[in-house]
file my_file04.pdb (PDB, C-alpha atoms)
MODEL        1
ATOM      1  CA  MET V 213     124.843 115.633 114.642
ATOM      2  CA  GLU V 214     128.310 115.419 116.160
ATOM      3  CA  LEU V 215     130.952 118.122 115.966
ATOM      4  CA  ARG V 216     134.558 117.064 115.449
ATOM      5  CA  ARG V 217     137.630 119.246 115.529
ATOM      6  CA  VAL V 218     139.858 119.126 112.443
ATOM      7  CA  GLN V 219     143.412 118.121 113.313
ATOM      8  CA  ARG V 220     146.676 118.185 111.386
ATOM      9  CA  THR V 221     149.756 116.021 111.474
ATOM     10  CA  SER V 222     153.301 117.367 111.445
ATOM     11  CA  GLY V 223     153.456 116.367 107.779
ATOM     12  CA  GLY V 224     150.529 118.662 106.925
ATOM     13  CA  THR V 225     147.751 116.028 106.566
ATOM     14  CA  PHE V 226     144.337 117.028 107.849
ATOM     15  CA  PHE V 227     142.216 114.401 109.619
ATOM     16  CA  VAL V 228     138.996 113.949 111.603
ATOM     17  CA  CYS V 229     138.235 110.943 113.821
ATOM     18  CA  LEU V 230     135.176 108.877 112.932
ATOM     19  CA  PRO V 231     132.455 108.457 115.589
ATOM     20  CA  LYS V 232     133.085 105.217 117.475
ATOM     21  CA  LYS V 233     129.451 104.072 117.596
ATOM     22  CA  TRP V 234     129.008 104.708 113.885
ATOM     23  CA  ALA V 235     132.154 102.712 113.051
ATOM     24  CA  GLU V 236     131.066  99.794 115.235
ATOM     25  CA  ARG V 237     127.517  99.866 113.845
ATOM     26  CA  ASN V 238     128.919  99.539 110.328
ATOM     27  CA  GLY V 239     131.378  96.795 111.273
ATOM     28  CA  LEU V 240     134.531  98.832 110.636
ATOM     29  CA  LYS V 241     137.864  97.569 111.920
ATOM     30  CA  ARG V 242     141.445  98.722 111.691
ATOM     31  CA  GLY V 243     142.699  98.465 108.117
ATOM     32  CA  PHE V 244     139.237  98.513 106.521
ATOM     33  CA  VAL V 245     138.786 100.758 103.469
ATOM     34  CA  VAL V 246     136.016 103.330 103.186
ATOM     35  CA  SER V 247     135.273 105.514 100.185
ATOM     36  CA  ILE V 248     135.120 109.294 100.396
ATOM     37  CA  SER V 249     133.366 111.280  97.679
ATOM     38  CA  GLU V 250     132.862 115.017  97.296
ATOM     39  CA  ALA V 251     129.409 116.326  96.381
ATOM     40  CA  MET V 252     128.756 119.331  94.154
ATOM     41  CA  ASN V 253     128.174 121.528  97.220
ATOM     42  CA  GLY V 254     131.541 120.593  98.762
ATOM     43  CA  ARG V 255     130.206 118.111 101.319
ATOM     44  CA  LEU V 256     132.071 114.838 101.816
ATOM     45  CA  THR V 257     130.293 111.505 101.973
ATOM     46  CA  ILE V 258     131.919 108.539 103.714
ATOM     47  CA  ASP V 259     130.693 105.137 102.512
ATOM     48  CA  PRO V 260     131.554 102.286 104.894
ATOM     49  CA  LYS V 261     130.333  99.710 102.360
ATOM     50  CA  HIS V 262     133.063 100.357  99.785
ATOM     51  CA  GLY V 263     133.655  97.224  97.743
ATOM     52  CA  VAL V 264     130.605  95.464  99.212
ATOM     53  CA  GLU V 265     128.111  94.261  96.623
ATOM     54  CA  GLN V 266     124.754  95.975  96.997
ATOM     55  CA  VAL V 267     122.044  93.578  98.151
ATOM     56  CA  ILE V 268     119.002  93.403  95.896
ATOM     57  CA  GLU V 269     115.924  94.004  98.015
ATOM     58  CA  VAL V 270     113.016  91.600  97.505
ATOM     59  CA  ALA V 271     109.316  92.306  98.070
ATOM     60  CA  VAL V 272     106.555  89.697  98.166
ATOM     61  CA  VAL V 273     103.057  90.636  97.031
ATOM     62  CA  LYS V 274      99.900  88.540  97.264
ATOM     63  CA  PRO V 275      97.176  88.765  94.594
ATOM     64  CA  SER V 276      94.394  91.058  95.826
ATOM     65  CA  ALA V 277      92.042  93.795  94.693
ATOM     66  CA  THR V 278      94.932  96.271  95.020
ATOM     67  CA  LEU V 279      97.533  94.136  93.231
ATOM     68  CA  GLU V 280      98.478  96.774  90.626
ATOM     69  CA  ARG V 281      98.819  99.498  93.239
ATOM     70  CA  GLU V 282     101.000  97.303  95.464
ATOM     71  CA  ILE V 283     103.364  96.453  92.589
ATOM     72  CA  ILE V 284     103.672 100.129  91.634
ATOM     73  CA  GLY V 285     104.307 100.996  95.291
ATOM     74  CA  LYS V 286     107.141  98.453  95.602
ATOM     75  CA  TYR V 287     108.630  99.691  92.324
ATOM     76  CA  LEU V 288     108.612 103.293  93.555
ATOM     77  CA  LEU V 289     110.242 102.216  96.823
ATOM     78  CA  GLY V 290     113.185 100.852  94.852
ATOM     79  CA  TYR V 291     112.773  97.096  95.272
ATOM     80  CA  GLY V 292     114.933  95.157  92.826
ATOM     81  CA  ILE V 293     112.756  92.040  92.807
ATOM     82  CA  ILE V 294     108.987  91.843  93.263
ATOM     83  CA  ARG V 295     107.561  88.351  93.698
ATOM     84  CA  VAL V 296     103.827  87.939  93.175
ATOM     85  CA  GLU V 297     102.873  84.720  94.961
ATOM     86  CA  ALA V 298      99.430  83.096  95.122
ATOM     87  CA  GLU V 299      98.340  80.535  97.720
ATOM     88  CA  GLY V 300      97.684  77.996  94.983
ATOM     89  CA  ARG V 301      97.442  78.254  91.230
ATOM     90  CA  MET V 302      97.407  81.883  90.088
ATOM     91  CA  ASN V 303      94.299  82.623  88.050
ATOM     92  CA  PRO V 304      94.563  84.026  84.495
ATOM     93  CA  GLU V 305      93.046  87.379  85.500
ATOM     94  CA  ASP V 306      95.774  88.029  88.077
ATOM     95  CA  ARG V 307      98.472  87.004  85.610
ATOM     96  CA  GLU V 308      97.119  89.485  83.102
ATOM     97  CA  ARG V 309      97.009  92.218  85.772
ATOM     98  CA  VAL V 310     100.665  91.604  86.641
ATOM     99  CA  LYS V 311     101.716  91.739  82.991
ATOM    100  CA  ARG V 312      99.646  94.848  82.369
ATOM    101  CA  VAL V 313     101.093  96.789  85.293
ATOM    102  CA  SER V 314     104.675  95.700  84.517
ATOM    103  CA  SER V 315     104.303  97.214  81.043
ATOM    104  CA  ARG V 316     103.612 100.586  82.729
ATOM    105  CA  LEU V 317     106.877 100.511  84.677
ATOM    106  CA  ILE V 318     110.143 101.153  82.825
ATOM    107  CA  GLY V 319     112.806  98.509  83.400
ATOM    108  CA  LEU V 320     110.541  96.073  85.278
ATOM    109  CA  GLU V 321     110.543  92.728  83.493
ATOM    110  CA  ILE V 322     109.110  89.273  84.161
ATOM    111  CA  VAL V 323     112.086  86.960  84.717
ATOM    112  CA  GLU V 324     110.315  83.889  86.167
ATOM    113  CA  GLU V 325     106.810  82.472  85.983
ATOM    114  CA  ASP V 326     105.210  79.227  87.125
ATOM    115  CA  TYR V 327     101.778  77.986  88.194
ATOM    116  CA  SER V 328     101.682  79.958  91.470
ATOM    117  CA  ARG V 329     104.011  82.949  91.101
ATOM    118  CA  ILE V 330     105.456  85.600  88.820
ATOM    119  CA  VAL V 331     108.836  87.189  89.552
ATOM    120  CA  LEU V 332     109.456  90.742  88.373
ATOM    121  CA  GLN V 333     112.950  92.231  88.367
ATOM    122  CA  SER V 334     114.107  95.787  87.797
ATOM    123  CA  LEU V 335     116.867  95.864  85.206
ATOM    124  CA  LEU V 336     117.551  99.567  85.737
ATOM    125  CA  GLU V 337     120.949 100.988  86.578
ATOM    126  CA  PRO V 338     119.997 104.194  88.469
ATOM    127  CA  SER V 339     123.192 106.049  87.529
ATOM    128  CA  SER V 340     122.191 105.763  83.848
ATOM    129  CA  PHE V 341     119.041 107.869  84.281
ATOM    130  CA  PRO V 342     119.793 111.509  85.209
ATOM    131  CA  PRO V 343     116.570 113.060  86.635
ATOM    132  CA  GLU V 344     116.876 116.165  84.449
ATOM    133  CA  LYS V 345     116.954 114.040  81.293
ATOM    134  CA  ILE V 346     113.855 112.093  82.354
ATOM    135  CA  LEU V 347     112.008 115.293  83.290
ATOM    136  CA  ARG V 348     112.841 116.926  79.961
ATOM    137  CA  ARG V 349     111.539 113.866  78.093
ATOM    138  CA  GLU V 350     108.346 113.733  80.154
ATOM    139  CA  TYR V 351     107.714 117.435  79.595
ATOM    140  CA  SER V 352     108.345 117.115  75.857
ATOM    141  CA  ILE V 353     105.604 114.492  75.586
ATOM    142  CA  ALA V 354     103.165 116.339  77.873
ATOM    143  CA  SER V 355     103.584 119.668  76.073
ATOM    144  CA  GLY V 356     103.053 117.929  72.719
ATOM    145  CA  MET V 357      99.879 116.363  74.107
ATOM    146  CA  HIS V 358      98.626 119.823  75.137
ATOM    147  CA  ARG V 359      99.288 121.274  71.675
ATOM    148  CA  ASP V 360      97.715 118.368  69.807
ATOM    149  CA  ALA V 361      94.704 118.125  72.134
ATOM    150  CA  VAL V 362      93.734 121.735  71.392
ATOM    151  CA  THR V 363      94.375 121.233  67.666
ATOM    152  CA  ALA V 364      92.112 118.188  67.713
ATOM    153  CA  LEU V 365      89.411 120.209  69.487
ATOM    154  CA  VAL V 366      89.273 123.107  67.037
ATOM    155  CA  GLU V 367      89.716 120.894  63.952
ATOM    156  CA  ARG V 368      87.339 118.113  65.082
ATOM    157  CA  ASP V 369      90.114 115.547  64.639
ATOM    158  CA  ALA V 370      89.018 112.511  66.667
ATOM    159  CA  GLN V 371      91.980 110.420  65.487
ATOM    160  CA  LEU V 372      94.464 112.984  66.792
ATOM    161  CA  ALA V 373      92.530 113.135  70.061
ATOM    162  CA  LYS V 374      92.844 109.344  70.463
ATOM    163  CA  ASN V 375      96.575 109.632  69.805
ATOM    164  CA  VAL V 376      96.858 112.208  72.607
ATOM    165  CA  ILE V 377      95.110 109.853  75.023
ATOM    166  CA  ALA V 378      97.451 106.992  74.071
ATOM    167  CA  ARG V 379     100.523 109.122  74.793
ATOM    168  CA  ASP V 380      99.470 109.601  78.412
ATOM    169  CA  ASP V 381     100.728 106.084  79.207
ATOM    170  CA  GLU V 382     104.297 107.111  78.319
ATOM    171  CA  VAL V 383     104.044 110.200  80.531
ATOM    172  CA  ASP V 384     102.954 107.948  83.405
ATOM    173  CA  ARG V 385     105.845 105.541  82.766
ATOM    174  CA  LEU V 386     108.376 108.372  82.945
ATOM    175  CA  TYR V 387     106.675 109.765  86.046
ATOM    176  CA  PHE V 388     107.020 106.436  87.876
ATOM    177  CA  LEU V 389     110.627 106.069  86.712
ATOM    178  CA  LEU V 390     111.643 109.506  87.950
ATOM    179  CA  VAL V 391     109.994 108.996  91.340
ATOM    180  CA  ARG V 392     111.907 105.714  91.721
ATOM    181  CA  ILE V 393     115.208 107.392  90.788
ATOM    182  CA  LEU V 394     114.607 110.269  93.219
ATOM    183  CA  ARG V 395     113.895 107.857  96.065
ATOM    184  CA  THR V 396     117.080 105.980  95.213
ATOM    185  CA  VAL V 397     119.143 109.190  95.368
ATOM    186  CA  ILE V 398     117.715 109.972  98.805
ATOM    187  CA  ARG V 399     118.571 106.491 100.060
ATOM    188  CA  TYR V 400     122.021 106.406  98.441
ATOM    189  CA  PRO V 401     123.402 109.983  98.424
ATOM    190  CA  HIS V 402     126.618 108.900  96.675
ATOM    191  CA  LEU V 403     124.569 108.634  93.472
ATOM    192  CA  SER V 404     123.813 112.360  93.485
ATOM    193  CA  GLU V 405     127.153 113.286  91.897
ATOM    194  CA  LYS V 406     126.727 110.765  89.070
ATOM    195  CA  LEU V 407     123.173 111.922  88.411
ATOM    196  CA  GLY V 408     123.895 115.631  88.697
ATOM    197  CA  ILE V 409     121.351 116.287  91.439
ATOM    198  CA  LEU V 410     121.689 117.111  95.132
ATOM    199  CA  PRO V 411     119.567 115.086  97.578
ATOM    200  CA  ILE V 412     118.046 118.367  98.800
ATOM    201  CA  ASP V 413     116.721 119.011  95.256
ATOM    202  CA  CYS V 414     114.790 115.736  95.142
ATOM    203  CA  LEU V 415     111.698 117.216  96.788
ATOM    204  CA  ASP V 416     111.440 119.963  94.163
ATOM    205  CA  TYR V 417     111.898 117.423  91.371
ATOM    206  CA  ARG V 418     109.197 115.244  92.941
ATOM    207  CA  LEU V 419     106.753 118.155  92.851
ATOM    208  CA  ILE V 420     107.700 119.274  89.345
ATOM    209  CA  VAL V 421     107.315 115.815  87.838
ATOM    210  CA  SER V 422     103.815 115.612  89.332
ATOM    211  CA  PHE V 423     102.891 118.993  87.794
ATOM    212  CA  VAL V 424     104.163 117.864  84.383
ATOM    213  CA  GLU V 425     102.226 114.618  84.722
ATOM    214  CA  ALA V 426      99.132 116.702  85.533
ATOM    215  CA  ILE V 427      99.606 118.671  82.288
ATOM    216  CA  GLY V 428      99.409 115.341  80.475
ATOM    217  CA  ASP V 429      96.257 114.398  82.401
ATOM    218  CA  GLN V 430      94.525 117.690  81.574
ATOM    219  CA  SER V 431      95.489 117.298  77.913
ATOM    220  CA  THR V 432      93.919 113.841  77.971
ATOM    221  CA  GLN V 433      90.700 115.334  79.325
ATOM    222  CA  ILE V 434      90.650 117.897  76.486
ATOM    223  CA  ALA V 435      91.085 115.062  73.985
ATOM    224  CA  GLU V 436      88.240 113.117  75.603
ATOM    225  CA  LYS V 437      85.976 116.183  75.276
ATOM    226  CA  THR V 438      86.884 116.352  71.570
ATOM    227  CA  ILE V 439      85.787 112.755  71.047
ATOM    228  CA  LYS V 440      82.585 113.495  72.927
ATOM    229  CA  LEU V 441      81.806 116.317  70.488
ATOM    230  CA  GLY V 442      81.621 113.804  67.661
ATOM    231  CA  ASN V 443      80.755 115.492  64.393
ATOM    232  CA  LYS V 444      79.719 118.710  66.091
ATOM    233  CA  GLY V 445      82.034 121.616  65.394
ATOM    234  CA  ILE V 446      82.569 124.955  67.123
ATOM    235  CA  THR V 447      82.322 128.320  65.398
ATOM    236  CA  LYS V 448      85.344 130.139  64.027
ATOM    237  CA  ASP V 449      85.117 132.932  66.634
ATOM    238  CA  LEU V 450      85.021 130.451  69.493
ATOM    239  CA  SER V 451      87.883 128.458  67.964
ATOM    240  CA  GLN V 452      89.998 131.608  67.811
ATOM    241  CA  LEU V 453      89.351 132.308  71.499
ATOM    242  CA  VAL V 454      90.320 128.750  72.428
ATOM    243  CA  LEU V 455      93.512 129.080  70.386
ATOM    244  CA  LYS V 456      94.234 132.433  72.047
ATOM    245  CA  LEU V 457      93.892 130.834  75.488
ATOM    246  CA  HIS V 458      96.016 127.893  74.387
ATOM    247  CA  GLY V 459      98.764 130.195  73.089
ATOM    248  CA  ILE V 460      99.082 132.047  76.402
ATOM    249  CA  VAL V 461      99.061 128.845  78.446
ATOM    250  CA  TYR V 462     101.438 126.947  76.186
ATOM    251  CA  GLU V 463     103.970 129.776  76.300
ATOM    252  CA  SER V 464     103.568 129.898  80.079
ATOM    253  CA  HIS V 465     104.599 126.311  80.731
ATOM    254  CA  GLU V 466     107.350 126.549  78.114
ATOM    255  CA  ASN V 467     108.741 129.581  80.001
ATOM    256  CA  ALA V 468     108.276 127.874  83.371
ATOM    257  CA  ILE V 469     110.335 124.849  82.321
ATOM    258  CA  LYS V 470     112.959 127.023  80.659
ATOM    259  CA  ALA V 471     113.224 129.162  83.806
ATOM    260  CA  LEU V 472     113.554 126.008  85.891
ATOM    261  CA  PHE V 473     116.592 124.721  84.036
ATOM    262  CA  THR V 474     118.242 128.127  83.586
ATOM    263  CA  HIS V 475     117.419 129.408  87.100
ATOM    264  CA  ASP V 476     115.887 132.497  85.481
ATOM    265  CA  VAL V 477     113.766 133.993  88.268
ATOM    266  CA  SER V 478     112.538 136.932  86.156
ATOM    267  CA  LEU V 479     111.255 134.575  83.439
ATOM    268  CA  ALA V 480     109.506 132.500  86.096
ATOM    269  CA  GLU V 481     107.866 135.596  87.532
ATOM    270  CA  ALA V 482     106.610 136.536  84.053
ATOM    271  CA  VAL V 483     104.541 133.339  84.011
ATOM    272  CA  ARG V 484     102.432 134.576  86.917
ATOM    273  CA  THR V 485     101.691 137.915  85.206
ATOM    274  CA  GLU V 486      99.528 136.140  82.603
ATOM    275  CA  GLN V 487      96.785 135.439  85.160
ATOM    276  CA  LYS V 488      94.606 138.426  84.160
ATOM    277  CA  ALA V 489      94.745 137.520  80.468
ATOM    278  CA  ILE V 490      93.849 133.902  81.277
ATOM    279  CA  THR V 491      90.859 134.886  83.419
ATOM    280  CA  ALA V 492      89.573 137.370  80.817
ATOM    281  CA  THR V 493      89.860 134.889  77.936
ATOM    282  CA  LEU V 494      88.143 132.130  79.921
ATOM    283  CA  GLY V 495      85.278 134.555  80.556
ATOM    284  CA  GLU V 496      84.992 135.367  76.851
ATOM    285  CA  ILE V 497      84.937 131.674  75.959
ATOM    286  CA  GLU V 498      82.180 130.954  78.469
ATOM    287  CA  THR V 499      80.058 133.845  77.153
ATOM    288  CA  LEU V 500      80.472 132.913  73.490
ATOM    289  CA  ALA V 501      80.018 129.175  74.106
ATOM    290  CA  HIS V 502      76.455 129.676  75.325
ATOM    291  CA  VAL V 503      75.319 130.793  71.854
ATOM    292  CA  GLU V 504      76.602 127.550  70.323
ATOM    293  CA  PRO V 505      74.165 124.759  69.379
ATOM    294  CA  GLU V 506      72.791 122.679  72.253
ATOM    295  CA  GLY V 507      75.267 120.296  73.869
ATOM    296  CA  ILE V 508      78.406 122.061  72.697
ATOM    297  CA  ALA V 509      78.731 124.743  75.399
ATOM    298  CA  PRO V 510      79.372 122.403  78.397
ATOM    299  CA  ILE V 511      82.015 120.471  76.469
ATOM    300  CA  VAL V 512      83.892 123.533  75.219
ATOM    301  CA  ILE V 513      83.756 125.232  78.635
ATOM    302  CA  ALA V 514      85.080 122.059  80.295
ATOM    303  CA  ALA V 515      87.912 121.852  77.739
ATOM    304  CA  ALA V 516      88.780 125.527  78.308
ATOM    305  CA  SER V 517      88.761 124.894  82.052
ATOM    306  CA  SER V 518      91.307 122.103  81.558
ATOM    307  CA  ILE V 519      93.522 124.519  79.607
ATOM    308  CA  GLY V 520      93.199 126.945  82.517
ATOM    309  CA  ARG V 521      94.307 124.269  84.963
ATOM    310  CA  ILE V 522      97.364 123.615  82.793
ATOM    311  CA  TYR V 523      98.222 127.274  83.353
ATOM    312  CA  ASP V 524      97.874 126.739  87.119
ATOM    313  CA  HIS V 525     100.415 123.908  86.909
ATOM    314  CA  SER V 526     102.705 126.211  84.920
ATOM    315  CA  VAL V 527     102.595 128.690  87.799
ATOM    316  CA  ASP V 528     103.293 125.866  90.262
ATOM    317  CA  ILE V 529     106.431 124.949  88.296
ATOM    318  CA  ALA V 530     107.534 128.590  88.060
ATOM    319  CA  ASP V 531     107.135 128.992  91.819
ATOM    320  CA  LEU V 532     109.842 126.358  92.339
ATOM    321  CA  VAL V 533     112.435 128.240  90.296
ATOM    322  CA  MET V 534     115.340 129.267  92.503
ATOM    323  CA  PRO V 535     118.438 131.346  91.729
ATOM    324  CA  LYS V 536     121.454 129.184  90.948
ATOM    325  CA  ILE V 537     123.471 128.614  94.093
ATOM    326  CA  SER V 538     127.263 128.671  93.864
ATOM    327  CA  PRO V 539     128.850 125.261  94.614
ATOM    328  CA  GLU V 540     131.157 126.992  97.095
ATOM    329  CA  ARG V 541     128.254 128.121  99.232
TER
ENDMDL
END
call {"tool": "encode", "arguments": {"input": "my_file04.pdb", "output": "structure tokens"}}
result
Amino acid sequence: MELRRVQRTSGGTFFVCLPKKWAERNGLKRGFVVSISEAMNGRLTIDPKHGVEQVIEVAVVKPSATLEREIIGKYLLGYGIIRVEAEGRMNPEDRERVKRVSSRLIGLEIVEEDYSRIVLQSLLEPSSFPPEKILRREYSIASGMHRDAVTALVERDAQLAKNVIARDDEVDRLYFLLVRILRTVIRYPHLSEKLGILPIDCLDYRLIVSFVEAIGDQSTQIAEKTIKLGNKGITKDLSQLVLKLHGIVYESHENAIKALFTHDVSLAEAVRTEQKAITATLGEIETLAHVEPEGIAPIVIAAASSIGRIYDHSVDIADLVMPKISPER
């Protein structure tokens, strides 16, 4: 960090000299134009690349056992073009893997393909995807999965359970998209104003989106337990306990998300106070489940445990709620 003294001309204009090494490193010369933008917190950002077309970064990936993971990694790092190149002819299995993973990543499309390579290009315009909007959409799907997974469990609805599992792919797609956008904001701070997020908030968003994604994962596990039950049902008393647990947990993550967007610290704190009720209800479920017919108890207890972990993620989200800070601060 360098400190510079603010100066003023006789005409009343304020000015600060730019660091010489920084100007030379960015190729600035007399008469060049830089852009200056003001962030929501009052900070000024000087962009020496004003008017210069942004270079699309290219990544090259070779087919391997970790091909899908490498493509996802390059996508999250913000690469605009990902070229998958084989030494010779690319085999059909690798082609299918590339197409399958590209379908999991929003905005990543196959633009070229020949006998030895497949070229993927991101068609996203980062400024068109505000992080809050993506997070709200991801949470909407995940919370719906939680509700429907429990409904499927108590009503023995295998079809609804399968639908819950299918929805997890969309939660993952939004998760990957938001992580990519957050990384882009960190690399290019001038986007923060357009997207309505400060670079310093990106870490919190990164954590929150992972907690929401985990709610979707736990809901998927509940749905899988429902399918495993088959035609076996659970008693009315046990169903009521499961629904009681679900009601407390569902309201908890609804309040956590609401507190997050409204900066309501008291509402966030209320989420944590449900811990005793959660623990007591889980204990009741475990006790009552053991009198169920053979094979049902482990499944119901595991499903209830997943609901309990959703509550833990609700607390994690609530813990990140901060009072709204004045832009002048």
call {"tool": "closest_residue", "arguments": {"input": "my_file04.pdb", "among": "V:Val512, V:Ile412, V:Gln371, V:Asp531", "to": "Ala480 of chain V", "atoms": "all atoms listed in the file"}}
result
V:Asp531
call {"tool": "resolve_selection", "arguments": {"input": "my_file04.pdb", "expression": "the PyMOL selection byres ((chain V and resi 248) around 10)", "output": "JSON, numbers by chain"}}
result
{"V": [245, 246, 247, 249, 250, 251, 256, 257, 258, 259, 260, 262, 402]}
call {"tool": "atom_distance", "arguments": {"input": "my_file04.pdb", "atom1": "atom CA of Thr499 of chain V", "atom2": "atom CA of Leu365 of chain V"}}
result
18.2 Å
call {"tool": "residues_around", "arguments": {"input": "my_file04.pdb", "residues": "Leu403 of chain V", "least_positions_apart": "2", "cutoff": "12 Å", "atoms": "only C-alpha atoms", "output": "list in words"}}
result
Ser249, Glu250, Ala251, Met252, Thr257, Asp259, Glu337, Pro338, Ser339, Ser340, Phe341, Pro342, Pro343, Ile393, Leu394, Arg395, Thr396, Val397, Ile398, Arg399, Tyr400, Pro401, Glu405, Lys406, Leu407, Gly408, Ile409, Leu410 and Pro411 of chain V
call {"tool": "atom_distance", "arguments": {"input": "my_file04.pdb", "atom1": "atom CA of Val477 of chain V", "atom2": "atom CA of Ser526 of chain V"}}
result
13.9 Å
call {"tool": "resolve_selection", "arguments": {"input": "my_file04.pdb", "expression": "the PyMOL selection byres ((chain V and resi 349-356) around 7)", "output": "ChimeraX atom specification"}}
result
/V:345-348,357-360,383,386,424,427-428
call {"tool": "write_last_selection", "arguments": {"input": "my_file04.pdb", "atoms": "C-alpha atoms", "output": "mmCIF file, in the coordinates of the input"}}
result
data_model
loop_
_atom_site.group_PDB
_atom_site.id
_atom_site.type_symbol
_atom_site.label_atom_id
_atom_site.label_comp_id
_atom_site.auth_asym_id
_atom_site.auth_seq_id
_atom_site.Cartn_x
_atom_site.Cartn_y
_atom_site.Cartn_z
ATOM 1 C CA LYS V 345 116.954 114.040 81.293
ATOM 2 C CA ILE V 346 113.855 112.093 82.354
ATOM 3 C CA LEU V 347 112.008 115.293 83.290
ATOM 4 C CA ARG V 348 112.841 116.926 79.961
ATOM 5 C CA MET V 357 99.879 116.363 74.107
ATOM 6 C CA HIS V 358 98.626 119.823 75.137
ATOM 7 C CA ARG V 359 99.288 121.274 71.675
ATOM 8 C CA ASP V 360 97.715 118.368 69.807
ATOM 9 C CA VAL V 383 104.044 110.200 80.531
ATOM 10 C CA LEU V 386 108.376 108.372 82.945
ATOM 11 C CA VAL V 424 104.163 117.864 84.383
ATOM 12 C CA ILE V 427 99.606 118.671 82.288
ATOM 13 C CA GLY V 428 99.409 115.341 80.475
#
call {"tool": "closest_residue", "arguments": {"input": "my_file04.pdb", "among": "V:Val362, V:Ile318, V:Leu415, V:Ile439", "to": "Ser518 of chain V", "atoms": "all atoms listed in the file"}}
result
V:Val362
call {"tool": "residues_near_point", "arguments": {"input": "my_file04.pdb", "point": "(99.8, 125.6, 82.8)", "cutoff": "12 Å", "atoms": "only C-alpha atoms", "output": "PDB file with C-alpha atoms, keeping the file's coordinate frame"}}
result
ATOM      1  CA  TYR V 351     107.714 117.435  79.595  1.00  0.00           C
ATOM      2  CA  ALA V 354     103.165 116.339  77.873  1.00  0.00           C
ATOM      3  CA  SER V 355     103.584 119.668  76.073  1.00  0.00           C
ATOM      4  CA  HIS V 358      98.626 119.823  75.137  1.00  0.00           C
ATOM      5  CA  ARG V 359      99.288 121.274  71.675  1.00  0.00           C
ATOM      6  CA  PHE V 423     102.891 118.993  87.794  1.00  0.00           C
ATOM      7  CA  VAL V 424     104.163 117.864  84.383  1.00  0.00           C
ATOM      8  CA  GLU V 425     102.226 114.618  84.722  1.00  0.00           C
ATOM      9  CA  ALA V 426      99.132 116.702  85.533  1.00  0.00           C
ATOM     10  CA  ILE V 427      99.606 118.671  82.288  1.00  0.00           C
ATOM     11  CA  GLY V 428      99.409 115.341  80.475  1.00  0.00           C
ATOM     12  CA  ASP V 429      96.257 114.398  82.401  1.00  0.00           C
ATOM     13  CA  GLN V 430      94.525 117.690  81.574  1.00  0.00           C
ATOM     14  CA  SER V 431      95.489 117.298  77.913  1.00  0.00           C
ATOM     15  CA  LEU V 457      93.892 130.834  75.488  1.00  0.00           C
ATOM     16  CA  HIS V 458      96.016 127.893  74.387  1.00  0.00           C
ATOM     17  CA  GLY V 459      98.764 130.195  73.089  1.00  0.00           C
ATOM     18  CA  ILE V 460      99.082 132.047  76.402  1.00  0.00           C
ATOM     19  CA  VAL V 461      99.061 128.845  78.446  1.00  0.00           C
ATOM     20  CA  TYR V 462     101.438 126.947  76.186  1.00  0.00           C
ATOM     21  CA  GLU V 463     103.970 129.776  76.300  1.00  0.00           C
ATOM     22  CA  SER V 464     103.568 129.898  80.079  1.00  0.00           C
ATOM     23  CA  HIS V 465     104.599 126.311  80.731  1.00  0.00           C
ATOM     24  CA  GLU V 466     107.350 126.549  78.114  1.00  0.00           C
ATOM     25  CA  ASN V 467     108.741 129.581  80.001  1.00  0.00           C
ATOM     26  CA  ALA V 468     108.276 127.874  83.371  1.00  0.00           C
ATOM     27  CA  ILE V 469     110.335 124.849  82.321  1.00  0.00           C
ATOM     28  CA  VAL V 483     104.541 133.339  84.011  1.00  0.00           C
ATOM     29  CA  ARG V 484     102.432 134.576  86.917  1.00  0.00           C
ATOM     30  CA  GLU V 486      99.528 136.140  82.603  1.00  0.00           C
ATOM     31  CA  GLN V 487      96.785 135.439  85.160  1.00  0.00           C
ATOM     32  CA  ILE V 490      93.849 133.902  81.277  1.00  0.00           C
ATOM     33  CA  ALA V 516      88.780 125.527  78.308  1.00  0.00           C
ATOM     34  CA  SER V 517      88.761 124.894  82.052  1.00  0.00           C
ATOM     35  CA  SER V 518      91.307 122.103  81.558  1.00  0.00           C
ATOM     36  CA  ILE V 519      93.522 124.519  79.607  1.00  0.00           C
ATOM     37  CA  GLY V 520      93.199 126.945  82.517  1.00  0.00           C
ATOM     38  CA  ARG V 521      94.307 124.269  84.963  1.00  0.00           C
ATOM     39  CA  ILE V 522      97.364 123.615  82.793  1.00  0.00           C
ATOM     40  CA  TYR V 523      98.222 127.274  83.353  1.00  0.00           C
ATOM     41  CA  ASP V 524      97.874 126.739  87.119  1.00  0.00           C
ATOM     42  CA  HIS V 525     100.415 123.908  86.909  1.00  0.00           C
ATOM     43  CA  SER V 526     102.705 126.211  84.920  1.00  0.00           C
ATOM     44  CA  VAL V 527     102.595 128.690  87.799  1.00  0.00           C
ATOM     45  CA  ASP V 528     103.293 125.866  90.262  1.00  0.00           C
ATOM     46  CA  ILE V 529     106.431 124.949  88.296  1.00  0.00           C
ATOM     47  CA  ALA V 530     107.534 128.590  88.060  1.00  0.00           C
TER      48      ALA V 530
END
call {"tool": "resolve_selection", "arguments": {"input": "my_file04.pdb", "expression": "the PyMOL selection byres ((chain V and resi 300) around 12)", "output": "short mmCIF file (atom, residue, chain, number, x, y, z; two decimals) with C-alpha atoms, in the coordinates of the input"}}
result
data_model
loop_
_atom_site.label_atom_id
_atom_site.label_comp_id
_atom_site.auth_asym_id
_atom_site.auth_seq_id
_atom_site.Cartn_x
_atom_site.Cartn_y
_atom_site.Cartn_z
CA LYS V 274 99.90 88.54 97.26
CA PRO V 275 97.18 88.76 94.59
CA VAL V 296 103.83 87.94 93.18
CA GLU V 297 102.87 84.72 94.96
CA ALA V 298 99.43 83.10 95.12
CA GLU V 299 98.34 80.54 97.72
CA ARG V 301 97.44 78.25 91.23
CA MET V 302 97.41 81.88 90.09
CA ASN V 303 94.30 82.62 88.05
CA ASP V 326 105.21 79.23 87.12
CA TYR V 327 101.78 77.99 88.19
CA SER V 328 101.68 79.96 91.47
CA ARG V 329 104.01 82.95 91.10
#
